[in-house]
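Data file: data_22.txt. Format and content: compact mmCIF, C-alpha atoms and all ligand atoms.
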```
# COMPACT_ATOMS: atom_id res chain seq x y z
CA MET Y 20 128.16 117.13 83.01
CA GLU Y 21 126.62 119.33 85.73
CA PRO Y 22 128.35 122.68 86.14
CA PHE Y 23 130.61 123.20 89.13
CA ARG Y 24 128.68 125.51 91.44
CA ILE Y 25 130.24 127.96 93.88
CA LEU Y 26 128.19 130.11 96.25
CA GLN Y 27 130.14 133.11 97.49
CA LEU Y 28 128.99 135.06 100.53
CA SER Y 29 131.22 137.94 101.43
CA ASP Y 30 131.36 140.39 104.33
CA ILE Y 31 128.58 138.70 106.25
CA HIS Y 32 129.54 140.84 109.25
CA PHE Y 33 127.55 139.04 111.89
CA GLY Y 34 127.95 140.92 115.13
CA ALA Y 35 127.55 144.50 116.22
CA ARG Y 36 126.96 145.93 112.74
CA SER Y 37 124.75 143.21 111.34
CA HIS Y 38 121.62 143.99 109.36
CA TYR Y 39 119.77 141.38 111.38
CA GLY Y 40 118.44 141.91 114.85
CA PRO Y 41 119.42 140.06 117.99
CA GLY Y 42 118.89 136.34 118.42
CA LEU Y 43 121.83 134.13 117.78
CA ASP Y 44 120.31 131.29 115.79
CA LEU Y 45 117.61 133.42 114.27
CA ARG Y 46 120.09 135.49 112.25
CA ALA Y 47 121.54 132.39 110.63
CA TYR Y 48 118.09 130.95 109.85
CA GLN Y 49 116.94 134.27 108.46
CA LEU Y 50 119.87 134.65 106.10
CA ALA Y 51 119.70 131.01 104.99
CA ASP Y 52 115.94 131.40 104.35
CA GLU Y 53 116.50 134.53 102.31
CA ILE Y 54 119.20 132.91 100.21
CA GLN Y 55 116.95 129.93 99.63
CA ALA Y 56 114.08 132.20 98.60
CA CYS Y 57 116.11 134.25 96.19
CA LEU Y 58 117.78 131.25 94.54
CA GLY Y 59 114.24 130.43 93.44
CA ASP Y 60 114.24 127.71 90.84
CA LEU Y 61 118.03 127.27 90.88
CA PRO Y 62 119.27 124.11 92.54
CA THR Y 63 120.47 124.58 96.11
CA SER Y 64 123.40 122.24 96.03
CA PHE Y 65 126.87 123.68 95.88
CA ASP Y 66 130.21 122.07 95.14
CA CYS Y 67 131.87 124.79 97.17
CA VAL Y 68 130.61 127.55 99.47
CA VAL Y 69 132.99 130.45 100.04
CA PHE Y 70 132.86 132.83 102.99
CA SER Y 71 135.29 135.42 101.70
CA GLY Y 72 136.18 137.22 104.90
CA ASP Y 73 134.65 139.67 107.35
CA LEU Y 74 132.43 137.05 108.86
CA THR Y 75 132.27 139.25 111.95
CA CYS Y 76 132.21 142.96 112.74
CA TYR Y 77 134.92 143.16 115.37
CA GLY Y 78 136.27 139.63 115.50
CA GLU Y 79 133.71 139.10 118.23
CA GLU Y 80 133.02 135.57 119.37
CA MET Y 81 129.29 136.07 118.86
CA GLY Y 82 129.87 136.96 115.19
CA PHE Y 83 131.84 133.74 114.69
CA ARG Y 84 129.18 131.73 116.49
CA VAL Y 85 126.41 132.98 114.19
CA SER Y 86 128.62 132.25 111.16
CA GLN Y 87 129.04 128.76 112.52
CA ARG Y 88 125.25 128.45 112.76
CA LEU Y 89 124.97 129.61 109.16
CA ALA Y 90 127.44 126.98 107.98
CA GLU Y 91 125.48 124.38 109.98
CA GLN Y 92 122.27 125.52 108.30
CA PHE Y 93 123.86 124.99 104.89
CA VAL Y 94 124.85 121.45 105.81
CA LEU Y 95 121.52 120.64 107.46
CA ARG Y 96 119.63 121.88 104.40
CA GLY Y 97 121.77 119.66 102.19
CA TRP Y 98 123.34 122.59 100.33
CA MET Y 99 126.93 121.51 100.86
CA ARG Y 100 129.17 119.06 102.64
CA VAL Y 101 131.19 120.37 105.59
CA GLU Y 102 134.42 119.74 103.72
CA ASP Y 103 133.30 121.94 100.83
CA LEU Y 104 133.26 125.14 102.87
CA LEU Y 105 136.10 127.52 102.04
CA ILE Y 106 136.69 130.27 104.59
CA ILE Y 107 139.26 133.04 104.41
CA PRO Y 108 139.75 135.81 106.93
CA GLY Y 109 138.78 139.45 106.51
CA ASN Y 110 140.39 142.36 108.27
CA HIS Y 111 137.44 142.56 110.65
CA ASP Y 112 137.93 138.98 111.77
CA ILE Y 113 141.43 139.47 113.07
CA LEU Y 114 141.67 143.16 113.84
CA PHE Y 115 142.97 144.00 117.23
CA GLY Y 116 143.28 146.98 119.47
CA GLU Y 117 140.09 148.24 117.90
CA ARG Y 118 137.62 150.38 119.71
CA SER Y 119 134.02 149.71 118.89
CA ASP Y 120 131.65 152.61 119.29
CA ASP Y 121 128.83 150.57 117.86
CA ALA Y 122 129.18 147.79 120.32
CA GLY Y 123 129.65 150.32 123.11
CA SER Y 124 132.52 148.30 124.44
CA TYR Y 125 136.26 148.16 124.28
CA HIS Y 126 137.61 145.07 122.61
CA GLY Y 127 141.33 145.45 122.66
CA PRO Y 128 144.11 145.50 122.59
CA LEU Y 129 144.13 141.82 121.97
CA MET Y 130 147.38 140.76 120.43
CA ARG Y 131 147.31 139.29 116.97
CA GLU Y 132 147.97 135.78 118.21
CA ASP Y 133 144.83 135.94 120.37
CA ARG Y 134 142.74 137.05 117.40
CA GLU Y 135 144.26 134.40 115.19
CA SER Y 136 143.63 131.66 117.70
CA LEU Y 137 139.96 132.69 117.93
CA TYR Y 138 139.74 132.64 114.14
CA ARG Y 139 141.46 129.25 113.99
CA LYS Y 140 139.10 127.90 116.65
CA TYR Y 141 136.01 128.85 114.65
CA TYR Y 142 137.60 127.78 111.40
CA TYR Y 143 137.91 124.36 113.01
CA LEU Y 144 134.35 124.40 114.37
CA MET Y 145 132.96 125.31 110.96
CA THR Y 146 135.05 123.06 108.75
CA LEU Y 147 136.13 120.33 111.21
CA ARG Y 148 139.67 120.84 109.93
CA GLU Y 149 142.70 122.60 111.32
CA LEU Y 150 144.16 125.40 109.24
CA PRO Y 151 147.28 123.82 107.84
CA GLY Y 152 149.70 126.69 107.52
CA GLU Y 153 151.29 129.52 109.39
CA CYS Y 154 149.05 132.01 107.61
CA LEU Y 155 145.28 131.71 107.40
CA GLY Y 156 144.97 130.82 103.70
CA VAL Y 157 143.80 127.43 102.54
CA LEU Y 158 143.73 125.52 99.26
CA LYS Y 159 140.64 123.50 98.30
CA MET Y 160 141.07 120.75 95.75
CA PHE Y 161 138.29 118.88 93.99
CA PRO Y 162 140.05 115.98 92.25
CA ASP Y 163 136.84 114.56 90.73
CA ARG Y 164 136.24 117.85 88.94
CA LYS Y 165 139.90 118.82 88.45
CA ILE Y 166 139.24 122.18 90.03
CA ALA Y 167 141.37 123.93 92.64
CA ILE Y 168 140.38 127.03 94.58
CA ALA Y 169 143.10 128.98 96.31
CA GLY Y 170 141.79 130.75 99.40
CA LEU Y 171 144.35 133.46 100.06
CA ASP Y 172 144.87 135.22 103.37
CA SER Y 173 145.20 138.94 102.63
CA CYS Y 174 145.26 139.93 106.31
CA ARG Y 175 148.82 138.87 107.04
CA ILE Y 176 149.94 142.29 108.17
CA GLU Y 177 146.64 143.38 109.64
CA SER Y 178 147.31 145.60 112.64
CA TRP Y 179 146.41 148.96 114.05
CA GLU Y 180 149.36 150.54 112.30
CA ASN Y 181 148.60 148.86 108.99
CA ALA Y 182 144.88 149.58 108.94
CA GLY Y 183 143.62 149.58 105.36
CA PHE Y 184 146.55 147.59 103.97
CA GLY Y 185 146.01 144.15 102.54
CA TYR Y 186 149.03 141.93 102.00
CA ILE Y 187 148.96 138.42 100.53
CA GLY Y 188 152.60 137.55 99.92
CA PHE Y 189 153.73 135.82 96.76
CA ASP Y 190 155.14 133.05 98.94
CA GLN Y 191 151.58 132.11 99.94
CA LEU Y 192 150.31 131.84 96.37
CA HIS Y 193 153.42 129.96 95.31
CA ARG Y 194 153.07 127.50 98.21
CA GLU Y 195 149.42 126.75 97.40
CA MET Y 196 150.13 126.27 93.69
CA GLU Y 197 153.13 124.05 94.37
CA ASP Y 198 151.03 122.04 96.78
CA LEU Y 199 148.45 121.51 94.04
CA TRP Y 200 151.16 120.52 91.57
CA GLU Y 201 152.78 118.03 93.91
CA ARG Y 202 149.58 116.43 95.13
CA HIS Y 203 147.60 116.28 91.91
CA GLU Y 204 148.62 118.13 88.80
CA GLN Y 205 151.94 116.47 88.09
CA SER Y 206 150.28 113.06 87.99
CA SER Y 207 147.09 114.22 86.33
CA ALA Y 208 146.41 113.24 82.73
CA GLU Y 209 144.53 116.50 82.12
CA PRO Y 210 145.15 119.97 83.44
CA TRP Y 211 143.17 121.48 86.29
CA ARG Y 212 141.10 124.63 86.46
CA ARG Y 213 142.41 127.10 89.02
CA LEU Y 214 140.45 129.88 90.75
CA ALA Y 215 141.15 132.06 93.76
CA PHE Y 216 139.34 133.98 96.47
CA VAL Y 217 140.78 136.65 98.69
CA HIS Y 218 139.25 139.22 101.03
CA HIS Y 219 140.98 142.46 100.01
CA HIS Y 220 140.62 143.86 96.53
CA LEU Y 221 143.40 143.81 93.97
CA ASP Y 222 142.70 147.12 92.29
CA VAL Y 223 141.70 150.55 93.46
CA MET Y 224 138.11 150.53 94.65
CA LEU Y 225 137.62 154.00 96.04
CA TRP Y 226 135.45 156.44 94.19
CA PHE Y 227 137.27 159.73 93.99
CA ASP Y 228 134.29 161.94 94.76
CA GLN Y 229 133.36 159.82 97.70
CA ALA Y 230 136.92 159.87 99.03
CA MET Y 231 137.03 163.64 98.82
CA ALA Y 232 133.67 164.03 100.48
CA THR Y 233 134.61 161.87 103.45
CA PRO Y 234 136.12 163.61 106.45
CA ASP Y 235 139.76 162.68 107.11
CA TRP Y 236 139.12 160.97 110.38
CA ARG Y 237 136.93 158.32 108.83
CA ARG Y 238 138.25 158.12 105.30
CA SER Y 239 138.24 154.48 104.36
CA ILE Y 240 141.07 154.08 101.92
CA SER Y 241 142.30 150.57 101.40
CA ILE Y 242 144.92 149.08 99.13
CA THR Y 243 146.56 145.71 98.79
CA LEU Y 244 150.27 146.37 98.96
CA ASP Y 245 151.35 143.52 96.73
CA ALA Y 246 148.36 143.53 94.36
CA GLU Y 247 150.55 143.79 91.28
CA ASP Y 248 152.76 140.87 92.28
CA ILE Y 249 149.73 138.77 93.00
CA LEU Y 250 148.01 139.58 89.73
CA LYS Y 251 151.21 138.74 87.90
CA GLY Y 252 151.48 135.54 89.88
CA LEU Y 253 147.85 134.58 89.25
CA ALA Y 254 148.39 135.00 85.51
CA LYS Y 255 151.61 132.93 85.62
CA TYR Y 256 149.80 130.14 87.42
CA GLY Y 257 146.90 130.24 84.97
CA VAL Y 258 144.30 131.23 87.56
CA ASP Y 259 141.13 132.12 85.70
CA PHE Y 260 139.56 134.49 88.13
CA VAL Y 261 139.85 135.86 91.61
CA GLY Y 262 136.82 136.84 93.67
CA HIS Y 263 137.06 139.25 96.57
CA GLY Y 264 135.01 141.34 98.98
CA HIS Y 265 136.05 143.98 101.51
CA MET Y 266 134.78 147.29 100.15
CA HIS Y 267 131.13 146.19 99.90
CA ARG Y 268 131.02 147.22 96.23
CA PRO Y 269 129.81 144.43 94.00
CA ASP Y 270 130.96 144.48 90.40
CA VAL Y 271 131.32 141.76 87.79
CA ARG Y 272 133.19 144.24 85.55
CA GLU Y 273 131.67 142.59 82.58
CA GLU Y 274 133.14 144.95 80.03
CA ARG Y 275 136.66 144.10 81.01
CA ASN Y 276 136.12 140.53 82.07
CA VAL Y 277 134.46 139.34 78.88
CA HIS Y 278 137.68 140.09 77.02
CA ALA Y 279 140.18 139.25 79.73
CA GLY Y 280 142.03 135.96 79.86
CA GLU Y 281 143.55 134.99 83.16
CA ALA Y 282 143.13 136.58 86.55
CA ARG Y 283 139.82 138.27 86.06
CA ILE Y 284 138.68 140.15 89.12
CA ILE Y 285 135.14 140.01 90.42
CA SER Y 286 134.19 141.93 93.52
CA ALA Y 287 131.41 140.94 95.86
CA GLY Y 288 129.32 143.16 98.09
CA SER Y 289 128.22 142.49 101.61
CA VAL Y 290 125.43 140.00 102.09
CA ALA Y 291 124.28 141.10 105.53
CA VAL Y 292 125.99 144.17 107.01
CA ARG Y 293 123.83 147.05 108.25
CA ALA Y 294 122.57 149.43 105.57
CA SER Y 295 124.88 152.34 106.39
CA ASP Y 296 127.99 150.19 105.82
CA CYS Y 297 127.07 149.00 102.34
CA GLY Y 298 125.35 151.90 100.60
CA ASP Y 299 121.99 150.20 101.24
CA LEU Y 300 122.97 147.32 98.99
CA HIS Y 301 123.17 143.63 99.89
CA GLN Y 302 124.64 141.25 97.38
CA PHE Y 303 126.03 137.75 96.80
CA TYR Y 304 127.12 135.54 93.89
CA LEU Y 305 126.53 132.11 92.53
CA PHE Y 306 129.12 130.96 89.97
CA GLU Y 307 128.58 128.07 87.61
CA LEU Y 308 131.57 126.72 85.71
CA TYR Y 309 130.93 124.91 82.46
CA GLU Y 310 133.70 122.92 80.79
CA GLY Y 311 133.57 121.42 77.29
CA PRO Y 312 134.59 122.87 73.93
CA SER Y 313 133.59 126.43 74.92
CA PRO Y 314 134.21 126.71 78.63
CA ALA Y 315 132.37 129.52 80.36
CA MET Y 316 131.36 130.85 83.72
CA ARG Y 317 127.79 131.92 84.40
CA VAL Y 318 127.63 134.49 87.16
CA TYR Y 319 124.38 134.99 89.06
CA ASP Y 320 124.46 138.34 90.79
CA PHE Y 321 121.82 138.67 93.54
CA ARG Y 322 121.08 142.11 94.98
CA ARG Y 323 118.61 143.93 97.14
CA ASN Y 324 118.29 147.62 97.78
CA LEU Y 325 117.53 148.23 101.42
CA GLN Y 326 116.04 151.65 100.71
CA ALA Y 327 113.66 150.58 97.99
CA SER Y 328 110.10 149.77 98.80
CA GLY Y 329 109.74 146.06 99.36
CA SER Y 330 113.37 145.96 100.37
CA LEU Y 331 113.16 142.27 101.09
CA HIS Y 332 112.95 141.65 97.39
CA TRP Y 333 116.17 140.36 95.84
CA THR Y 334 116.84 140.81 92.14
CA ARG Y 335 118.89 138.49 89.98
CA ARG Y 336 121.12 139.36 87.04
CA GLU Y 337 123.10 136.95 84.95
CA HIS Y 338 126.42 137.37 83.18
CA VAL Y 339 128.30 134.87 81.06
CA LEU Y 340 132.07 135.11 80.90
CA PRO Y 341 134.00 132.90 78.48
CA LEU Y 342 136.81 130.92 80.10
CA LEU Y 343 140.11 129.89 78.60
CA PRO Y 344 140.47 126.13 78.21
CA ARG Y 345 142.06 124.36 81.16
CA ARG Y 346 145.78 124.53 80.77
CA THR Y 347 149.01 123.62 82.48
CA TYR Y 348 151.22 126.49 83.49
CA SER Y 349 154.92 126.71 82.92
CA ARG Y 350 156.83 125.81 86.05
CA ASP Y 351 160.16 126.63 84.48
CA PHE Y 352 160.24 130.26 85.53
CA ASP Y 353 162.61 131.00 88.34
CA VAL Y 354 160.13 132.00 90.89
CA TRP Y 355 162.52 133.48 93.41
CA ALA Y 356 164.41 135.42 90.79
CA ASP Y 357 161.15 136.84 89.47
CA PHE Y 358 159.95 137.70 92.92
CA ARG Y 359 163.26 138.26 94.61
CA ASP Y 360 162.30 140.15 97.68
CA ARG Y 361 158.96 138.52 98.29
CA LYS Y 362 160.23 136.01 100.80
CA LEU Y 363 161.84 138.77 102.78
CA ARG Y 364 158.62 140.66 102.78
CA ALA Y 365 156.72 137.61 103.97
CA GLU Y 366 159.07 137.39 106.92
CA TRP Y 367 158.47 141.01 107.63
CA ASN Y 368 155.05 140.32 109.09
CA LEU Y 369 156.58 138.29 111.91
CA HIS Y 370 157.84 141.49 113.42
CA LEU Y 371 154.59 143.34 113.29
CA ASP Y 372 153.35 142.16 116.64
CA ASN Y 373 156.24 143.88 118.30
CA ARG Y 374 155.65 147.05 116.37
CA ALA Y 375 152.01 147.03 117.41
CA LEU Y 376 153.10 146.51 120.98
CA ALA Y 377 155.39 149.48 120.72
CA HIS Y 378 152.56 151.49 119.27
CA TYR Y 379 150.42 150.88 122.34
CA TYR Y 380 153.27 151.39 124.68
CA LEU Y 381 154.55 154.62 123.26
CA ARG Y 382 151.46 156.30 121.94
CA GLY Y 383 148.55 154.70 123.75
CA GLY Y 384 146.71 155.94 126.80
CA PRO Y 385 147.09 154.42 130.27
CA ALA Y 386 144.89 151.41 129.44
CA GLN Y 387 146.92 150.51 126.35
CA ARG Y 388 150.16 151.06 128.23
CA LYS Y 389 149.09 148.75 131.00
CA LYS Y 390 147.99 146.12 128.50
CA ALA Y 391 151.29 146.43 126.61
CA ILE Y 392 153.26 145.95 129.82
CA GLU Y 393 151.20 142.87 130.56
CA GLU Y 394 151.91 141.53 127.09
CA ILE Y 395 155.64 142.25 127.31
CA SER Y 396 155.66 140.51 130.68
CA ARG Y 397 153.81 137.55 129.27
CA ARG Y 398 156.41 137.17 126.54
CA MET Y 399 159.34 137.64 128.86
CA ARG Y 400 158.10 135.40 131.64
CA PRO Y 401 159.34 132.08 130.17
CA VAL Y 402 162.77 133.62 129.56
CA TRP Y 403 162.97 134.84 133.12
CA VAL Y 404 161.79 131.55 134.58
CA ALA Y 405 164.33 129.67 132.45
CA ARG Y 406 167.09 131.93 133.71
CA GLY Y 407 166.10 131.43 137.31
CA LYS Y 408 165.19 135.07 137.66
CA LEU Y 409 161.60 134.44 138.45
CA HIS Y 410 159.64 131.81 140.26
CA PRO Y 411 156.96 130.42 137.91
CA ASP Y 412 154.19 131.56 140.29
CA GLN Y 413 155.58 135.01 140.75
CA VAL Y 414 153.57 137.84 139.29
CA SER Y 415 155.88 140.74 139.93
CA LEU Y 416 157.14 141.10 136.38
CA GLU Y 417 154.74 143.92 135.54
CA LYS Y 418 155.84 145.71 138.66
CA ALA Y 419 159.51 145.29 137.77
CA LEU Y 420 158.86 146.63 134.28
CA GLY Y 421 156.90 149.53 135.72
CA ARG Y 422 159.81 150.35 137.99
CA VAL Y 423 162.32 150.24 135.14
CA GLU Y 424 160.14 152.59 133.19
CA GLU Y 425 159.75 154.94 136.15
CA TYR Y 426 163.50 154.96 136.67
CA LEU Y 427 164.24 155.67 133.01
CA LEU Y 428 161.66 158.43 132.89
CA SER Y 429 162.99 160.29 135.88
CA HIS Y 430 166.72 159.50 135.96
CA ALA Y 431 168.07 158.31 132.63
CA PRO Y 432 166.95 160.30 129.59
CA GLU Y 433 169.61 158.73 127.34
CA ALA Y 434 168.68 155.19 128.32
CA LEU Y 435 165.02 156.14 127.93
CA LYS Y 436 165.68 157.11 124.31
CA GLU Y 437 167.36 153.78 123.66
CA TYR Y 438 164.49 151.97 125.38
CA GLU Y 439 161.91 153.73 123.24
CA SER Y 440 163.77 153.22 120.01
CA LEU Y 441 164.20 149.51 120.78
CA LEU Y 442 160.50 149.32 121.46
CA GLY Y 443 159.80 150.98 118.14
CA SER Y 444 162.13 148.66 116.24
CA ASP Y 445 161.35 145.19 114.99
CA ASP Y 446 163.96 143.66 117.25
CA PHE Y 447 162.10 142.30 120.23
CA GLN Y 448 165.09 140.27 121.36
CA ALA Y 449 167.27 143.35 121.64
CA PHE Y 450 164.53 145.06 123.60
CA GLU Y 451 164.22 142.09 125.89
CA GLN Y 452 167.97 142.04 126.49
CA PHE Y 453 167.92 145.70 127.32
CA ILE Y 454 165.09 145.28 129.83
CA LEU Y 455 166.65 142.25 131.49
CA GLN Y 456 169.93 144.11 131.82
CA LYS Y 457 168.26 147.15 133.33
CA ILE Y 458 166.27 145.04 135.77
CA GLU Y 459 169.50 143.37 136.85
CA ASP Y 460 171.35 146.69 137.08
CA LEU Y 461 168.63 148.15 139.19
CA GLY Y 462 168.22 145.07 141.36
CA TYR Y 463 164.54 144.72 140.66
CA ASP Y 464 164.65 140.98 140.26
CA THR Y 465 164.21 140.16 143.92
CA PRO Y 466 162.28 136.92 144.16
CA GLY Y 467 159.08 136.63 146.11
CA PRO Y 468 155.38 136.90 145.44
CA GLY Y 469 154.41 140.01 143.49
FE FE R 1 133.61 144.14 105.19
FE FE R 2 137.07 144.00 104.96
```
Show this structure as structure tokens.
Ligand SMILES: [Fe+2]
Ligand SMILES: [Fe+2]
Amino acid sequence: MEPFRILQLSDIHFGARSHYGPGLDLRAYQLADEIQACLGDLPTSFDCVVFSGDLTCYGEEMGFRVSQRLAEQFVLRGWMRVEDLLIIPGNHDILFGERSDDAGSYHGPLMREDRESLYRKYYYLMTLRELPGECLGVLKMFPDRKIAIAGLDSCRIESWENAGFGYIGFDQLHREMEDLWERHEQSSAEPWRRLAFVHHHLDVMLWFDQAMATPDWRRSISITLDAEDILKGLAKYGVDFVGHGHMHRPDVREERNVHAGEARIISAGSVAVRASDCGDLHQFYLFELYEGPSPAMRVYDFRRNLQASGSLHWTRREHVLPLLPRRTYSRDFDVWADFRDRKLRAEWNLHLDNRALAHYYLRGGPAQRKKAIEEISRRMRPVWVARGKLHPDQVSLEKALGRVEEYLLSHAPEALKEYESLLGSDDFQAFEQFILQKIEDLGYDTPGPG
């Protein structure tokens, strides 16, 4: 039987920091041409193509559009079917409140929901499917081949305050694996092979000397908060390997991975970011999975050094990693006892929007403050309209909020403290109650056009 072939492109970073010059379609053609050229004599048909996050530089629409063109190129060239594209988000795809020096423009602060809806829109345009869940992860199942690939969203707490922190949530992995069990595995005569892709890395990727040599203000330290839980979970679910991107440091870790069983980790580099963001190294992988009596994974590792003469020349290395036979996993462990507080932690991210809002409001400059007031007003507007406090067309909410703030600042230091601590808490409802009460107390809810 033909091997199952997965092409992984990570950290494409189309947009302001792309390696390629301007020209929307041209960038996609160029990259597709280069991939085609460096695959050489290898067949260009893939059972699954994975874009493992950071498709864009700043979540910019243009970056998503070029990624969409790239996906279209793959389909037009007969490399894959639309439904075989697996996309997961990277921190750059949903960051918000970010200032971009490179783009010379100010992108934020867009609230997380705005970023997510842009991501979801392009996810739909690229895959012709809606993202099913509340987070941005997705499970791909290939029943003919008995292979499942869990695409995990590691950007669930991505925010200004949490910059550098990945978080996957055991609940997400559990949900995807249960979904696989219910839909296929429980009725399958033979076990499935399970793999995973995620954007953030699951072990420490920073080189000590490099960390120490980097000035504080731009030190790029990144960790995945629940990496240990996830690795434990991947092993419990019999996931053979997890591929990731994020730090632009490719490594098959052959020494460790040849001997490892479950949950091997393979990190990908960036395939197309500008040279200064990837140590002059572009890279991508092709994985081939072979079943049979001695299952194995052949890893093709394609690289080019942007500094070397003839920098358009890609090199190819091959690694072979033995795989454990396909196996069923034990579902008799008490998942919630093993991972007791994971559900709570998953819920935690629901509050992060409000904390980000507070961040802008309390510590931002005038532009952030104005934007935060607009956002608070946007959230409070339906409540006010429902309570008959505000005519639906009225736009005076920002003004009323501004007045409350002015009053608290100049006349009510105690109330101001309470206001600020409510803003800094996770309890948006309590904050909203407080504001509504103050607006009523102060008589700022006079109807009329704003
Ligand atoms: Fe990246
Ligand atoms: Fe990243």
Q: For Cys57 (chain Y), please output as a count of residues only all residues within 12 Å (counting all atoms listed in the file; exclusion window: fewer than 3 positions along the same chain).
A: 24
**Q.** Spatial neighbours of Ile284 (chain Y), 10 Å, all atoms listed in the file, chain gap at least 6 places, as a VMD selection string
**A.** chain Y and resid 215 to 216 220 to 222 250 259 to 263 270 to 273 275 to 276
Q.
Using only C-alpha atoms, which protein or nucleic acid residues come within 9 Å of Pro341 (chain Y)? Drop anything in the same chain fewer than 3 positions from it, and give the result as a list in words.
A.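 These residues fall inside the cut-off: Asn276, Val277, His278, Ala279, Gly280, Ser313, Pro314, Ala315, Met316 and Arg317 of chain Y.
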Q: Anything within 12 Å of (161.9, 152.4, 135.0): list those residues as a PyMOL selection string, counting only C-alpha atoms and sticking to the file's coordinates.
A: chain Y and resi 392+417-432+434-435+438-439+453-463
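Taking CA of Tyr309 (chain Y) as the reference point, CA of Gly252 (chain Y) is found at 24.3 Å.
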Q: Rank nothing, just name the residue among Y:Leu158, Y:Ile285, Y:Ile107, Y:Leu253 nearest to ligand FE 2 (chain R), using all atoms listed in the file.
A: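 Answer, going by the shortest atom-to-atom distance: Y:Ile107.
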Closest atom pairs, chain Y residues within 8 Å of ligand FE 2 (chain R), only C-alpha atoms and all ligand atoms, as JSON lines:
```
{"residue": "Y:Asp30", "atom": "CA", "partner": "R:FE2", "partner_atom": "FE", "distance": 6.8}
{"residue": "Y:Gly72", "atom": "CA", "partner": "R:FE2", "partner_atom": "FE", "distance": 6.8}
{"residue": "Y:Asp73", "atom": "CA", "partner": "R:FE2", "partner_atom": "FE", "distance": 5.5}
{"residue": "Y:Gly109", "atom": "CA", "partner": "R:FE2", "partner_atom": "FE", "distance": 5.1}
{"residue": "Y:Asn110", "atom": "CA", "partner": "R:FE2", "partner_atom": "FE", "distance": 5.0}
{"residue": "Y:His111", "atom": "CA", "partner": "R:FE2", "partner_atom": "FE", "distance": 5.9}
{"residue": "Y:His218", "atom": "CA", "partner": "R:FE2", "partner_atom": "FE", "distance": 6.6}
{"residue": "Y:His219", "atom": "CA", "partner": "R:FE2", "partner_atom": "FE", "distance": 6.5}
{"residue": "Y:Gly264", "atom": "CA", "partner": "R:FE2", "partner_atom": "FE", "distance": 6.9}
{"residue": "Y:His265", "atom": "CA", "partner": "R:FE2", "partner_atom": "FE", "distance": 3.6}
{"residue": "Y:Met266", "atom": "CA", "partner": "R:FE2", "partner_atom": "FE", "distance": 6.3}
```
Contacts with ligand FE 1 (chain R) at most 12 Å, all atoms listed in the file counted, listed as an mmCIF file with C-alpha atoms, keeping the file's coordinate frame:
```cif
data_model
loop_
_atom_site.group_PDB
_atom_site.id
_atom_site.type_symbol
_atom_site.label_atom_id
_atom_site.label_comp_id
_atom_site.auth_asym_id
_atom_site.auth_seq_id
_atom_site.Cartn_x
_atom_site.Cartn_y
_atom_site.Cartn_z
ATOM 1 C CA LEU Y 28 128.990 135.060 100.530
ATOM 2 C CA SER Y 29 131.220 137.940 101.430
ATOM 3 C CA ASP Y 30 131.360 140.390 104.330
ATOM 4 C CA ILE Y 31 128.580 138.700 106.250
ATOM 5 C CA HIS Y 32 129.540 140.840 109.250
ATOM 6 C CA PHE Y 33 127.550 139.040 111.890
ATOM 7 C CA GLY Y 34 127.950 140.920 115.130
ATOM 8 C CA ARG Y 36 126.960 145.930 112.740
ATOM 9 C CA SER Y 37 124.750 143.210 111.340
ATOM 10 C CA PHE Y 70 132.860 132.830 102.990
ATOM 11 C CA SER Y 71 135.290 135.420 101.700
ATOM 12 C CA GLY Y 72 136.180 137.220 104.900
ATOM 13 C CA ASP Y 73 134.650 139.670 107.350
ATOM 14 C CA LEU Y 74 132.430 137.050 108.860
ATOM 15 C CA THR Y 75 132.270 139.250 111.950
ATOM 16 C CA CYS Y 76 132.210 142.960 112.740
ATOM 17 C CA TYR Y 77 134.920 143.160 115.370
ATOM 18 C CA GLY Y 78 136.270 139.630 115.500
ATOM 19 C CA PRO Y 108 139.750 135.810 106.930
ATOM 20 C CA GLY Y 109 138.780 139.450 106.510
ATOM 21 C CA ASN Y 110 140.390 142.360 108.270
ATOM 22 C CA HIS Y 111 137.440 142.560 110.650
ATOM 23 C CA ASP Y 112 137.930 138.980 111.770
ATOM 24 C CA LEU Y 114 141.670 143.160 113.840
ATOM 25 C CA GLY Y 183 143.620 149.580 105.360
ATOM 26 C CA HIS Y 218 139.250 139.220 101.030
ATOM 27 C CA HIS Y 219 140.980 142.460 100.010
ATOM 28 C CA HIS Y 220 140.620 143.860 96.530
ATOM 29 C CA SER Y 239 138.240 154.480 104.360
ATOM 30 C CA SER Y 241 142.300 150.570 101.400
ATOM 31 C CA HIS Y 263 137.060 139.250 96.570
ATOM 32 C CA GLY Y 264 135.010 141.340 98.980
ATOM 33 C CA HIS Y 265 136.050 143.980 101.510
ATOM 34 C CA MET Y 266 134.780 147.290 100.150
ATOM 35 C CA HIS Y 267 131.130 146.190 99.900
ATOM 36 C CA ARG Y 268 131.020 147.220 96.230
ATOM 37 C CA PRO Y 269 129.810 144.430 94.000
ATOM 38 C CA SER Y 286 134.190 141.930 93.520
ATOM 39 C CA ALA Y 287 131.410 140.940 95.860
ATOM 40 C CA GLY Y 288 129.320 143.160 98.090
ATOM 41 C CA SER Y 289 128.220 142.490 101.610
ATOM 42 C CA VAL Y 290 125.430 140.000 102.090
ATOM 43 C CA ALA Y 291 124.280 141.100 105.530
ATOM 44 C CA VAL Y 292 125.990 144.170 107.010
ATOM 45 C CA ARG Y 293 123.830 147.050 108.250
ATOM 46 C CA ASP Y 296 127.990 150.190 105.820
ATOM 47 C CA CYS Y 297 127.070 149.000 102.340
ATOM 48 C CA HIS Y 301 123.170 143.630 99.890
#
```
